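What follows is the content of my_file_8.txt, which has compact mmCIF, C-alpha atoms:
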```
# COMPACT_ATOMS: atom_id res chain seq x y z
CA MET A 517 -10.24 -28.32 5.78
CA PRO A 518 -6.52 -27.48 5.91
CA PRO A 519 -4.99 -25.77 2.92
CA ARG A 520 -3.59 -28.24 0.41
CA THR A 521 -0.78 -27.89 -2.08
CA ALA A 522 -0.67 -29.59 -5.45
CA HIS A 523 3.10 -29.54 -5.82
CA PRO A 524 4.72 -30.06 -2.40
CA VAL A 525 8.50 -30.26 -2.31
CA THR A 526 10.72 -31.78 0.35
CA VAL A 527 13.49 -29.38 1.27
CA PRO A 528 16.82 -31.20 1.84
CA SER A 529 17.72 -31.22 5.51
CA TRP A 530 21.35 -30.35 4.76
CA LEU A 531 20.25 -26.82 3.82
CA ILE A 532 20.16 -26.00 7.51
CA VAL A 533 23.98 -25.90 7.53
CA PRO A 534 24.54 -23.24 4.82
CA GLY A 535 21.41 -21.38 5.99
CA ALA A 536 22.68 -21.17 9.55
CA ALA A 537 26.16 -20.22 8.34
CA LEU A 538 24.72 -17.36 6.28
CA LEU A 539 22.69 -16.13 9.23
CA VAL A 540 25.67 -16.22 11.62
CA ALA A 541 27.92 -14.42 9.13
CA SER A 542 25.26 -11.81 8.38
CA PHE A 543 24.53 -11.16 12.04
CA ALA A 544 28.24 -10.92 12.84
CA CYS A 545 28.60 -8.21 10.19
CA TYR A 546 25.59 -6.43 11.64
CA VAL A 547 27.06 -6.50 15.15
CA GLN A 548 30.32 -5.05 13.81
CA LEU A 549 28.38 -2.27 12.10
CA VAL A 550 26.47 -1.49 15.30
CA GLN A 551 29.70 -1.31 17.27
CA ALA A 552 31.24 1.03 14.70
CA HIS A 553 28.24 3.38 14.43
CA PRO A 554 25.90 2.60 17.38
CA GLY A 555 23.82 5.77 17.29
CA VAL A 556 23.35 5.67 13.53
CA VAL A 557 22.63 1.95 13.10
CA LEU A 558 20.76 1.16 16.33
CA GLY A 559 19.34 4.41 17.66
CA GLY A 560 15.93 3.10 18.76
CA LEU A 561 14.15 6.41 18.12
CA ASP A 562 10.64 4.96 17.74
CA LEU A 563 11.30 2.50 20.56
CA ALA A 564 12.00 5.47 22.82
CA VAL A 565 8.57 6.87 21.92
CA TYR A 566 6.93 3.52 22.76
CA GLN A 567 8.77 3.36 26.07
CA GLY A 568 7.98 6.99 26.82
CA GLY A 569 4.29 6.41 26.15
CA GLY A 570 4.26 3.29 28.31
CA GLU A 571 6.02 5.07 31.16
CA ALA A 572 3.68 8.07 30.95
CA TRP A 573 0.67 5.75 31.11
CA ARG A 574 2.12 3.94 34.13
CA HIS A 575 2.33 7.30 35.90
CA GLY A 576 -1.23 8.30 34.98
CA GLU A 577 -0.21 11.04 32.56
CA ALA A 578 -2.11 12.08 29.40
CA VAL A 579 -0.06 10.17 26.82
CA TYR A 580 -1.50 11.87 23.73
CA ASP A 581 -0.76 15.34 25.09
CA LYS A 582 2.94 14.62 25.48
CA THR A 583 5.88 14.45 23.09
CA PHE A 584 8.91 12.23 23.43
CA THR A 585 12.60 12.13 22.44
CA HIS A 586 14.68 15.01 21.11
CA ALA A 587 12.52 15.02 17.96
CA ASN A 588 9.38 15.88 20.00
CA LEU A 589 7.44 12.95 18.55
CA GLY A 590 3.90 12.24 19.71
CA PHE A 591 2.52 8.82 20.59
CA THR A 592 0.39 7.78 17.60
CA TYR A 593 -0.72 4.22 18.36
CA PRO A 594 -4.08 3.13 19.83
CA PRO A 595 -4.36 3.00 23.64
CA VAL A 596 -4.31 -0.82 23.81
CA THR A 597 -0.66 -0.77 22.74
CA LEU A 598 0.21 1.09 25.95
CA LEU A 599 -0.08 -2.19 27.85
CA PRO A 600 2.88 -3.97 26.20
CA PHE A 601 4.76 -0.69 25.88
CA ALA A 602 4.39 -0.17 29.65
CA VAL A 603 6.22 -3.46 30.19
CA LEU A 604 8.82 -2.43 27.63
CA SER A 605 9.36 0.86 29.48
CA LEU A 606 10.70 -1.08 32.48
CA ILE A 607 13.75 -2.17 30.45
CA PRO A 608 16.66 0.26 30.01
CA HIS A 609 16.52 1.78 26.53
CA ALA A 610 19.94 0.57 25.36
CA THR A 611 19.13 -3.01 26.37
CA ALA A 612 15.62 -2.83 24.91
CA ALA A 613 16.96 -1.54 21.58
CA LYS A 614 19.20 -4.59 21.21
CA LEU A 615 16.51 -7.04 22.30
CA VAL A 616 13.92 -5.55 19.97
CA ALA A 617 16.36 -5.57 17.02
CA VAL A 618 17.00 -9.29 17.53
CA ALA A 619 13.25 -9.90 17.91
CA ILE A 620 12.54 -8.07 14.64
CA ALA A 621 15.07 -10.23 12.78
CA ALA A 622 13.51 -13.32 14.39
CA ALA A 623 10.00 -12.19 13.37
CA ALA A 624 11.18 -11.78 9.76
CA GLY A 625 12.71 -15.27 9.84
CA LEU A 626 9.63 -16.87 11.39
CA THR A 627 7.47 -15.16 8.77
CA ALA A 628 9.66 -16.70 6.04
CA PHE A 629 9.39 -20.11 7.72
CA LEU A 630 5.59 -19.94 7.83
CA VAL A 631 5.36 -18.86 4.19
CA THR A 632 7.51 -21.80 3.04
CA GLY A 633 5.04 -24.12 4.73
CA VAL A 634 2.05 -22.55 2.99
CA LEU A 635 3.92 -22.83 -0.32
CA GLY A 636 4.16 -26.60 0.11
CA HIS A 637 7.72 -26.94 1.38
CA ARG A 638 8.17 -29.98 3.62
CA GLY A 639 10.95 -30.98 5.98
CA SER A 640 11.44 -28.97 9.16
CA ALA A 641 15.25 -28.94 9.06
CA GLY A 642 15.38 -27.80 5.45
CA ARG A 643 12.74 -25.15 6.01
CA LEU A 644 14.65 -23.87 9.02
CA GLY A 645 17.69 -23.59 6.78
CA LEU A 646 15.72 -21.58 4.24
CA ALA A 647 14.30 -19.37 7.00
CA ALA A 648 17.76 -18.81 8.47
CA ALA A 649 19.09 -17.79 5.06
CA ALA A 650 16.09 -15.50 4.55
CA THR A 651 16.76 -13.89 7.93
CA GLY A 652 20.39 -13.33 7.01
CA VAL A 653 19.29 -11.54 3.86
CA ALA A 654 16.41 -9.69 5.57
CA ILE A 655 18.78 -7.92 7.97
CA TRP A 656 20.17 -6.06 4.95
CA LEU A 657 16.83 -5.19 3.38
CA GLU A 658 16.17 -1.51 4.03
CA PRO A 659 12.69 -1.96 5.58
CA VAL A 660 13.94 -4.58 8.06
CA HIS A 661 17.27 -2.85 8.67
CA LEU A 662 15.55 0.46 9.43
CA SER A 663 12.95 -1.30 11.60
CA MET A 664 15.79 -2.73 13.68
CA ASN A 665 17.37 0.72 13.81
CA LEU A 666 14.20 2.45 15.03
CA GLY A 667 12.80 -0.41 17.13
CA GLN A 668 9.61 -0.48 15.07
CA ILE A 669 6.69 -2.91 15.52
CA ASN A 670 5.75 -3.58 11.89
CA ALA A 671 7.57 -6.92 11.65
CA PHE A 672 5.55 -8.21 14.61
CA LEU A 673 2.26 -7.09 13.08
CA MET A 674 3.24 -8.78 9.81
CA LEU A 675 3.99 -12.00 11.71
CA LEU A 676 0.57 -11.83 13.39
CA VAL A 677 -1.16 -11.54 10.02
CA VAL A 678 0.88 -14.25 8.29
CA ALA A 679 0.42 -16.66 11.21
CA ASP A 680 -3.29 -15.96 11.05
CA PHE A 681 -3.47 -16.92 7.39
CA VAL A 682 -1.67 -20.15 8.25
CA LEU A 683 -4.38 -20.85 10.83
CA ILE A 684 -7.27 -19.96 8.53
CA GLY A 685 -8.80 -23.19 7.25
CA ARG A 686 -7.08 -25.22 9.97
CA THR A 687 -8.78 -23.99 13.15
CA ARG A 688 -11.79 -21.96 14.22
CA TRP A 689 -9.53 -19.18 15.49
CA GLY A 690 -8.55 -17.80 12.10
CA GLY A 691 -8.94 -14.03 12.02
CA ILE A 692 -7.78 -13.24 15.55
CA GLY A 693 -4.28 -12.24 14.49
CA ILE A 694 -5.62 -9.86 11.85
CA GLY A 695 -8.00 -8.33 14.38
CA LEU A 696 -5.23 -7.81 16.93
CA ALA A 697 -2.91 -6.32 14.31
CA THR A 698 -5.68 -3.91 13.26
CA ALA A 699 -6.26 -2.93 16.89
CA ALA A 700 -2.56 -2.02 17.17
CA LYS A 701 -2.41 -0.22 13.83
CA LEU A 702 -5.35 0.45 11.53
CA VAL A 703 -3.64 -0.30 8.20
CA PRO A 704 -3.92 -4.12 8.58
CA GLY A 705 -7.69 -3.62 8.62
CA LEU A 706 -7.64 -3.99 4.83
CA PHE A 707 -7.04 -7.71 5.41
CA VAL A 708 -10.54 -7.89 6.90
CA VAL A 709 -11.92 -6.57 3.60
CA TYR A 710 -9.74 -9.12 1.79
CA LEU A 711 -11.32 -11.89 3.87
CA LEU A 712 -14.75 -10.61 2.87
CA VAL A 713 -14.01 -10.43 -0.86
CA THR A 714 -12.59 -13.97 -0.72
CA ARG A 715 -15.80 -15.08 1.03
CA ARG A 716 -14.28 -16.09 4.34
CA PHE A 717 -16.98 -14.43 6.37
CA ARG A 718 -16.49 -16.31 9.64
CA GLU A 719 -12.81 -15.31 9.75
CA ALA A 720 -13.70 -11.70 8.95
CA ILE A 721 -16.22 -11.67 11.82
CA THR A 722 -13.62 -13.21 14.15
CA ALA A 723 -11.15 -10.48 13.15
CA GLY A 724 -13.78 -7.85 13.88
CA VAL A 725 -14.53 -9.32 17.31
CA ALA A 726 -10.81 -9.47 18.15
CA PHE A 727 -10.43 -5.82 17.12
CA VAL A 728 -13.38 -4.72 19.26
CA ALA A 729 -12.18 -6.77 22.25
CA ALA A 730 -8.65 -5.35 22.07
CA THR A 731 -9.96 -1.81 21.60
CA ALA A 732 -12.28 -2.25 24.59
CA LEU A 733 -9.31 -3.40 26.64
CA GLY A 734 -7.51 -0.21 25.65
CA TRP A 735 -10.56 1.79 26.68
CA ILE A 736 -10.54 0.17 30.10
CA ALA A 737 -6.80 0.80 30.45
CA ASP A 738 -6.93 4.45 29.36
CA PRO A 739 -10.48 5.86 29.08
CA ASP A 740 -9.44 9.48 28.52
CA GLY A 741 -6.81 8.53 25.96
CA SER A 742 -9.32 6.32 24.16
CA ASN A 743 -11.81 9.17 24.01
CA ASP A 744 -9.16 11.42 22.50
CA PHE A 745 -7.92 8.79 20.08
CA TRP A 746 -11.18 7.30 18.79
CA ILE A 747 -13.85 9.94 19.45
CA GLY A 748 -11.60 12.98 19.26
CA GLY A 749 -10.29 11.81 15.90
CA LEU A 750 -6.58 11.42 16.65
CA PHE A 751 -6.59 8.11 14.77
CA TYR A 752 -7.03 9.77 11.36
CA ARG A 753 -4.74 12.76 11.84
CA ASP A 754 -1.71 11.96 9.72
CA ASP A 755 -0.14 15.26 10.77
CA ARG A 756 0.66 13.62 14.11
CA VAL A 757 2.63 10.94 12.26
CA THR A 758 4.47 13.53 10.15
CA SER A 759 4.93 16.06 12.96
CA ALA A 760 8.72 16.06 12.65
CA VAL A 761 8.78 15.96 8.84
CA SER A 762 6.04 16.20 6.19
CA THR A 763 3.98 14.06 3.83
CA GLU A 764 6.53 14.87 1.12
CA TYR A 765 9.37 13.33 3.09
CA ILE A 766 11.09 10.80 0.84
CA TYR A 767 10.71 7.99 3.39
CA ASN A 768 6.92 8.16 2.92
CA GLN A 769 6.64 5.55 0.18
CA SER A 770 2.88 5.65 -0.37
CA LEU A 771 0.70 7.05 -3.13
CA HIS A 772 0.08 10.04 -0.86
CA GLY A 773 3.79 10.74 -0.70
CA LEU A 774 4.21 10.15 -4.44
CA THR A 775 1.51 12.63 -5.45
CA ALA A 776 2.74 15.19 -2.90
CA ARG A 777 6.26 15.06 -4.32
CA LEU A 778 5.52 14.81 -8.04
CA LEU A 779 2.40 16.95 -8.52
CA PRO A 780 1.63 20.64 -7.89
CA GLU A 781 0.13 21.32 -4.48
CA GLY A 782 -3.20 22.40 -5.94
CA ILE A 783 -4.02 19.01 -7.45
CA ALA A 784 -1.88 16.61 -5.37
CA GLY A 785 -4.58 15.98 -2.77
CA VAL A 786 -7.35 15.23 -5.26
CA ALA A 787 -5.02 13.10 -7.36
CA TRP A 788 -4.06 11.07 -4.29
CA ILE A 789 -7.70 10.35 -3.35
CA LEU A 790 -8.59 9.28 -6.89
CA LEU A 791 -5.46 7.20 -7.30
CA ALA A 792 -5.91 5.58 -3.88
CA LEU A 793 -9.51 4.64 -4.70
CA LEU A 794 -8.42 3.14 -7.99
CA VAL A 795 -5.60 1.15 -6.39
CA VAL A 796 -7.64 -0.12 -3.45
CA VAL A 797 -10.42 -1.39 -5.75
CA GLY A 798 -7.99 -2.79 -8.30
CA GLY A 799 -5.69 -4.20 -5.61
CA LEU A 800 -8.47 -6.04 -3.81
CA ALA A 801 -9.79 -7.40 -7.11
CA LEU A 802 -6.28 -8.58 -7.99
CA ALA A 803 -5.86 -10.06 -4.50
CA ARG A 804 -9.08 -12.02 -4.92
CA PHE A 805 -8.02 -13.21 -8.37
CA ALA A 806 -4.54 -14.11 -7.07
CA HIS A 807 -6.05 -16.06 -4.18
CA ARG A 808 -8.22 -18.07 -6.57
CA ARG A 809 -5.46 -18.66 -9.09
CA ASP A 810 -2.34 -19.12 -6.95
CA GLY A 811 -3.39 -19.55 -3.36
CA GLU A 812 -3.04 -17.71 -0.11
CA PRO A 813 0.48 -16.28 -0.31
CA ALA A 814 -0.29 -14.48 -3.56
CA GLY A 815 -3.56 -12.93 -2.43
CA MET A 816 -2.21 -12.03 1.00
CA LEU A 817 0.84 -10.28 -0.45
CA VAL A 818 -1.17 -8.32 -3.01
CA CYS A 819 -3.46 -7.15 -0.18
CA ALA A 820 -0.44 -6.16 1.94
CA PHE A 821 1.11 -4.10 -0.85
CA THR A 822 -2.28 -2.51 -1.55
CA ALA A 823 -2.62 -1.46 2.09
CA LEU A 824 0.85 0.12 2.02
CA LEU A 825 0.17 1.97 -1.21
CA VAL A 826 -3.15 3.50 -0.13
CA SER A 827 -2.11 4.30 3.44
CA PRO A 828 -1.66 8.06 3.95
CA ILE A 829 1.77 7.36 5.46
CA ALA A 830 3.86 4.31 4.58
CA TRP A 831 7.36 4.84 5.87
CA THR A 832 9.99 2.63 4.28
CA HIS A 833 10.17 0.50 7.44
CA HIS A 834 6.48 -0.35 6.95
CA TRP A 835 7.49 -2.30 3.83
CA VAL A 836 8.77 -5.30 5.82
CA TRP A 837 6.31 -7.31 3.72
CA ILE A 838 9.12 -7.52 1.19
CA VAL A 839 10.44 -10.51 3.20
CA PRO A 840 7.53 -12.90 2.47
CA ALA A 841 7.24 -11.35 -1.00
CA LEU A 842 10.81 -12.39 -1.78
CA VAL A 843 10.19 -15.91 -0.45
CA TYR A 844 7.12 -16.20 -2.65
CA ALA A 845 8.90 -14.73 -5.69
CA ALA A 846 11.79 -17.18 -5.25
CA ASP A 847 9.31 -20.06 -5.10
CA LEU A 848 7.78 -18.86 -8.37
CA VAL A 849 11.15 -19.53 -10.00
CA ARG A 850 10.99 -23.11 -8.71
CA ARG A 851 7.48 -23.60 -10.07
CA ALA A 852 7.95 -21.83 -13.40
CA PRO A 853 8.23 -23.90 -16.60
CA ALA A 854 11.84 -24.42 -17.67
CA ARG A 855 11.42 -22.19 -20.73
CA LEU A 856 10.30 -19.26 -18.56
CA ARG A 857 12.60 -19.73 -15.58
CA THR A 858 15.22 -17.28 -16.79
CA ALA A 859 12.59 -14.57 -17.20
CA VAL A 860 10.83 -15.34 -13.91
CA VAL A 861 14.09 -15.06 -11.94
CA LEU A 862 14.07 -11.35 -12.77
CA LEU A 863 11.19 -10.82 -10.32
CA PRO A 864 12.95 -11.80 -7.05
CA THR A 865 16.19 -10.27 -8.35
CA GLY A 866 14.48 -6.95 -9.07
CA LEU A 867 12.69 -6.92 -5.72
CA LEU A 868 15.93 -7.69 -3.88
CA LEU A 869 17.86 -4.92 -5.63
CA ALA A 870 15.06 -2.39 -5.09
CA PHE A 871 14.70 -3.04 -1.36
CA LEU A 872 18.32 -3.80 -0.48
CA ALA A 873 20.08 -1.45 1.93
CA TRP A 874 23.00 -0.10 -0.08
CA PRO A 875 26.10 1.62 1.36
CA LEU A 876 25.26 5.32 1.38
CA ARG A 877 26.06 8.55 3.15
CA ALA A 878 22.69 10.08 4.03
CA PHE A 879 24.25 13.48 4.65
CA ALA A 880 27.58 15.08 3.83
CA GLY A 881 30.08 13.94 6.42
CA SER A 882 27.86 11.15 7.76
CA PRO A 883 29.25 7.58 7.94
CA LEU A 884 28.81 5.07 5.16
CA VAL A 885 25.91 2.91 6.37
CA PRO A 886 23.16 0.82 4.74
CA ARG A 887 20.35 2.91 3.24
CA GLY A 888 17.59 2.34 0.69
CA VAL A 889 18.25 2.81 -3.01
CA LEU A 890 15.54 5.48 -3.18
CA LEU A 891 17.89 7.88 -1.41
CA TYR A 892 20.19 7.84 -4.43
CA GLY A 893 17.60 9.92 -6.24
CA PRO A 894 16.36 13.21 -4.77
CA ASP A 895 18.24 15.03 -2.07
CA LEU A 896 17.24 13.80 1.37
CA ASP A 897 15.19 16.80 2.36
CA ILE A 898 12.15 17.23 4.55
CA GLU A 899 10.37 19.22 1.86
CA ARG A 900 10.52 18.59 -1.88
CA PRO A 901 14.01 19.20 -3.32
CA ALA A 902 14.24 22.35 -5.40
CA HIS A 903 16.11 20.86 -8.36
CA ARG A 904 15.98 17.27 -9.55
CA THR A 905 15.85 15.46 -12.86
CA PHE A 906 12.99 13.23 -13.92
CA ALA A 907 15.17 10.14 -13.32
CA GLU A 908 16.01 11.37 -9.81
CA ALA A 909 12.33 11.94 -9.10
CA LEU A 910 11.45 8.40 -10.19
CA THR A 911 14.26 6.93 -8.10
CA GLY A 912 12.69 8.64 -5.10
CA GLU A 913 9.47 6.68 -5.69
CA THR A 914 11.17 3.27 -5.83
CA TYR A 915 8.90 1.35 -3.47
CA THR A 916 5.58 2.61 -4.82
CA LEU A 917 6.60 2.17 -8.45
CA VAL A 918 8.02 -1.31 -7.83
CA ALA A 919 4.81 -2.32 -6.05
CA LEU A 920 2.63 -1.03 -8.91
CA GLY A 921 4.91 -2.72 -11.44
CA THR A 922 4.67 -5.98 -9.51
CA PHE A 923 0.88 -5.71 -9.63
CA ALA A 924 1.03 -5.37 -13.41
CA VAL A 925 3.36 -8.37 -13.73
CA ALA A 926 1.21 -10.44 -11.36
CA ALA A 927 -1.99 -9.60 -13.24
CA GLY A 928 -0.40 -10.53 -16.56
CA TRP A 929 1.05 -13.76 -15.22
CA LEU A 930 -2.17 -14.86 -13.52
CA TRP A 931 -4.24 -14.04 -16.59
CA ARG A 932 -1.84 -15.82 -18.94
CA THR A 933 -1.85 -18.99 -16.84
CA ARG A 934 -5.56 -18.97 -16.01
CA ARG A 935 -6.34 -21.88 -18.35
CA THR A 936 -3.44 -24.06 -17.29
CA HIS A 937 -4.33 -24.57 -13.61
CA THR A 938 -7.40 -25.21 -11.53
CA PRO A 939 -7.98 -23.32 -8.28
CA THR A 940 -6.81 -26.36 -6.27
CA ASP A 941 -3.45 -26.36 -8.06
CA ALA A 942 -2.40 -23.30 -6.11
CA PRO A 943 -0.32 -23.43 -2.95
CA GLY A 944 -2.19 -22.60 0.20
CA THR A 945 -5.70 -22.92 -1.28
CA VAL A 946 -8.61 -24.70 0.29
CA ASP A 947 -10.27 -27.47 -1.69
CA PRO A 948 -13.47 -25.81 -2.95
CA GLU A 949 -16.90 -27.26 -2.46
CA PRO A 950 -18.38 -28.60 -5.72
CA SER A 951 -21.67 -26.90 -4.92
CA ASP A 952 -20.14 -23.42 -5.20
CA PRO A 953 -21.63 -22.10 -8.49
CA GLU A 954 -18.96 -19.43 -8.92
CA ILE A 955 -16.11 -21.93 -8.65
CA SER A 956 -17.98 -24.40 -10.83
CA ALA A 957 -18.23 -21.74 -13.52
CA VAL A 958 -14.47 -21.20 -13.41
CA ARG A 959 -13.90 -24.91 -13.75
```
File written out as structure tokens:
Amino acid sequence: MPPRTAHPVTVPSWLIVPGAALLVASFACYVQLVQAHPGVVLGGLDLAVYQGGGEAWRHGEAVYDKTFTHANLGFTYPPVTLLPFAVLSLIPHATAAKLVAVAIAAAAGLTAFLVTGVLGHRGSAGRLGLAAAATGVAIWLEPVHLSMNLGQINAFLMLLVVADFVLIGRTRWGGIGIGLATAAKLVPGLFVVYLLVTRRFREAITAGVAFVAATALGWIADPDGSNDFWIGGLFYRDDRVTSAVSTEYIYNQSLHGLTARLLPEGIAGVAWILLALLVVVGGLALARFAHRRDGEPAGMLVCAFTALLVSPIAWTHHWVWIVPALVYAADLVRRAPARLRTAVVLLPTGLLLAFLAWPLRAFAGSPLVPRGVLLYGPDLDIERPAHRTFAEALTGETYTLVALGTFAVAAGWLWRTRRTHTPTDAPGTVDPEPSDPEISAVR
């Protein structure tokens, strides 16, 4: 049965005009910025690694033994990704960097469009206007902006997962997108666990089959590389991801990075493991509760933030999930009771300010370009800065602390409203079967 919404809203079709205008103006500003500082704003560093790996594979070279770019970065993705990267390697780097940047912005916009549909928004023209406006804003969110700069793939993986959750409950193919995303990068695998704890076993099995099939394809394409990656253990070596920096690097906005920066070296590792276990259990429990109380977008987003928090490395450009989170938070303002609307509007406002790319000079003498607010705190240093105040230290943990704070707010909100809605009142939820004893008990 398709997901149903209790409070659908028809979005006025005229919104496509201001939405498109905002997108055009935003993109024009972005183009001007690229022209002024091309190497700083659109360098394509990670894209060069993808293209280098794809080219090495095309020539029969051992991809995982090589390093690429002036930063001597290794190829860290599973072998199956070499197939699309091989195609990408046929395009000149400068051209590919521009095409991928546009594609990343489009993926963010399409993600926003899909989420509005799950939230009960109706009217294609109006939803396109909202998605266009969201894209215009997303370009200036630090995770998306940096993804466009580096040529990163995280926005595409996010789109795969979100599209999959749109399919779940509508077709028999739900779960494939999650499986493919996990085959390209292991972190989305937590969504398979989320499917299990929300009792969508068929979709979880489908995701597992898709993962195995894609991984097998990678094994056929590069047997030696697959042996090194999966059997040789390259997939869990985070030192390959941090080869040019360190776990303490301020752009690593995960619990691992937080504990490495804030705690003494002797206890940081143990503290990270304990904290990660606590957050993954609590996050999945909250995701399940959010799914039951407020539908798919809520549970999906809690799971996404949980995966980012507990991942050993979560660079700031991994946090592209802020785009659907902002769409969902803005919709909460629409659905909130009038007496609470002023308070609820603080959530999307706070998220926007925390993840916005602010004008900043990353280094002395560098140009004024968009950068994340977290860089206003500690010095941008590969290792931990020698001298910093407590406030500076907290500023350097912006993403992780905002995510944990959002969890606390979400838990309080869902608990406070638990008696005022039934599970079918939530956007994106499937009408439960009356024979389900657990749901009957909640009713």
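Candidate residues A:Leu778, A:Leu910, A:Leu868, A:Ala841 were compared for distance to A:Thr763, and the nearest is A:Leu778, using all atoms listed in the file.
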Quick one: residues within 12 Å of A:Gly921, all atoms listed in the file counted, chain neighbours fewer than 3 positions away excluded, as a PyMOL selection string?
chain A and resi 818+821+863+866-867+870+913-918+924-928
Each residue of stretch 717-754 of chain A lying at most 9 Å from stretch 694-700 of chain A should get a row with its shortest atom-to-atom pair and the distance in Å to one decimal, counting all atoms listed in the file; could you produce that, ordered by chain and increasing number, as a Markdown table?
```
| residue | atom | partner | partner_atom | distance |
| --- | --- | --- | --- | --- |
| A:Ala720 | CA | A:Gly695 | CA | 8.6 |
| A:Thr722 | CA | A:Gly695 | CA | 7.4 |
| A:Ala723 | CA | A:Gly695 | CA | 4.0 |
| A:Gly724 | CA | A:Gly695 | CA | 5.8 |
| A:Val725 | CA | A:Gly695 | CA | 7.2 |
| A:Ala726 | CA | A:Gly695 | CA | 4.8 |
| A:Phe727 | CA | A:Gly695 | CA | 4.4 |
| A:Val728 | CA | A:Ala699 | CA | 7.7 |
| A:Ala729 | CA | A:Leu696 | CA | 8.8 |
| A:Ala730 | CA | A:Ala699 | CA | 6.2 |
| A:Thr731 | CA | A:Ala699 | CA | 6.1 |
```
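If all atoms listed in the file are the atoms counted, then among A:Val889, A:Gly815, A:Trp735, A:Arg857 the closest residue to A:Ile747 is A:Trp735.
Residues lying within 6 Å of (-0.6, 7.8, -5.5). Counted over all atoms listed in the file, they are Leu771, His772, Leu774, Thr775, Trp788, Leu791 and Ala792 of chain A.
Pairwise distance (atom CA of A:Leu598, atom CA of A:Gly570) equals 5.2 Å.
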What's the 10 Å shell around stretch 525-539 of chain A, counting all atoms listed in the file, without same-chain residues fewer than 4 positions away, as JSON, numbers by chain?
{"A": [521, 543, 544, 545, 632, 633, 635, 636, 637, 638, 639, 640, 641, 642, 643, 644, 645, 646, 647, 648, 649, 650, 651, 652, 653, 654, 655, 850]}
When you count only C-alpha atoms, which of these residues is closest to A:Gly798: A:Ala732, A:Leu872, A:Leu920, A:Ala859?
A:Leu920
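If all atoms listed in the file are the atoms counted, then among A:Gly705, A:Gly749, A:Gly569, A:Pro840 the closest residue to A:Ser605 is A:Gly569.
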Need the shell around stretch 658-667 of chain A: protein/DNA/RNA residues with any atom at most 8 Å away, counting all atoms listed in the file. Skip same-chain ones fewer than 5 positions apart. Format as a PyMOL selection string?
chain A and resi 556-563+613+616-618+620-621+624+832-836+838+871-873+886-888
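Going from atom CA of A:Leu825 over to atom CA of A:Ser770, you cover 4.6 Å.
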What does the distance between atom CA of A:Asp738 and atom CA of A:Phe591 come to in Å, to one decimal place?
13.6 Å
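Proximity ranking of A:Thr714, A:Asn743, A:Gln548, A:Asn768 relative to A:His807 places A:Thr714 first, based on only C-alpha atoms.
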For stretch 912-923 of chain A, supply N, CA and C atoms and report the output as a PDB file, keeping the file's coordinate frame.
```pdb
ATOM      1  N   GLY A 912      13.252   8.344  -6.413  1.00  0.00           N
ATOM      2  CA  GLY A 912      12.690   8.640  -5.100  1.00  0.00           C
ATOM      3  C   GLY A 912      11.343   8.001  -4.845  1.00  0.00           C
ATOM      4  N   GLU A 913      10.758   7.365  -5.852  1.00  0.00           N
ATOM      5  CA  GLU A 913       9.470   6.680  -5.690  1.00  0.00           C
ATOM      6  C   GLU A 913       9.650   5.172  -5.876  1.00  0.00           C
ATOM      7  N   THR A 914      10.817   4.662  -5.536  1.00  0.00           N
ATOM      8  CA  THR A 914      11.170   3.270  -5.830  1.00  0.00           C
ATOM      9  C   THR A 914      10.137   2.276  -5.320  1.00  0.00           C
ATOM     10  N   TYR A 915       9.764   2.380  -4.051  1.00  0.00           N
ATOM     11  CA  TYR A 915       8.900   1.350  -3.470  1.00  0.00           C
ATOM     12  C   TYR A 915       7.509   1.358  -4.091  1.00  0.00           C
ATOM     13  N   THR A 916       6.933   2.549  -4.252  1.00  0.00           N
ATOM     14  CA  THR A 916       5.580   2.610  -4.820  1.00  0.00           C
ATOM     15  C   THR A 916       5.577   2.147  -6.272  1.00  0.00           C
ATOM     16  N   LEU A 917       6.562   2.559  -7.045  1.00  0.00           N
ATOM     17  CA  LEU A 917       6.600   2.170  -8.450  1.00  0.00           C
ATOM     18  C   LEU A 917       6.886   0.681  -8.612  1.00  0.00           C
ATOM     19  N   VAL A 918       7.746   0.126  -7.769  1.00  0.00           N
ATOM     20  CA  VAL A 918       8.020  -1.310  -7.830  1.00  0.00           C
ATOM     21  C   VAL A 918       6.767  -2.101  -7.462  1.00  0.00           C
ATOM     22  N   ALA A 919       6.041  -1.633  -6.447  1.00  0.00           N
ATOM     23  CA  ALA A 919       4.810  -2.320  -6.050  1.00  0.00           C
ATOM     24  C   ALA A 919       3.777  -2.293  -7.177  1.00  0.00           C
ATOM     25  N   LEU A 920       3.586  -1.133  -7.793  1.00  0.00           N
ATOM     26  CA  LEU A 920       2.630  -1.030  -8.910  1.00  0.00           C
ATOM     27  C   LEU A 920       3.089  -1.881 -10.086  1.00  0.00           C
ATOM     28  N   GLY A 921       4.394  -1.884 -10.360  1.00  0.00           N
ATOM     29  CA  GLY A 921       4.910  -2.720 -11.440  1.00  0.00           C
ATOM     30  C   GLY A 921       4.719  -4.198 -11.149  1.00  0.00           C
ATOM     31  N   THR A 922       4.897  -4.582  -9.890  1.00  0.00           N
ATOM     32  CA  THR A 922       4.670  -5.980  -9.510  1.00  0.00           C
ATOM     33  C   THR A 922       3.219  -6.369  -9.691  1.00  0.00           C
ATOM     34  N   PHE A 923       2.306  -5.450  -9.382  1.00  0.00           N
ATOM     35  CA  PHE A 923       0.880  -5.710  -9.630  1.00  0.00           C
ATOM     36  C   PHE A 923       0.632  -6.001 -11.101  1.00  0.00           C
TER      37      PHE A 923
END
```
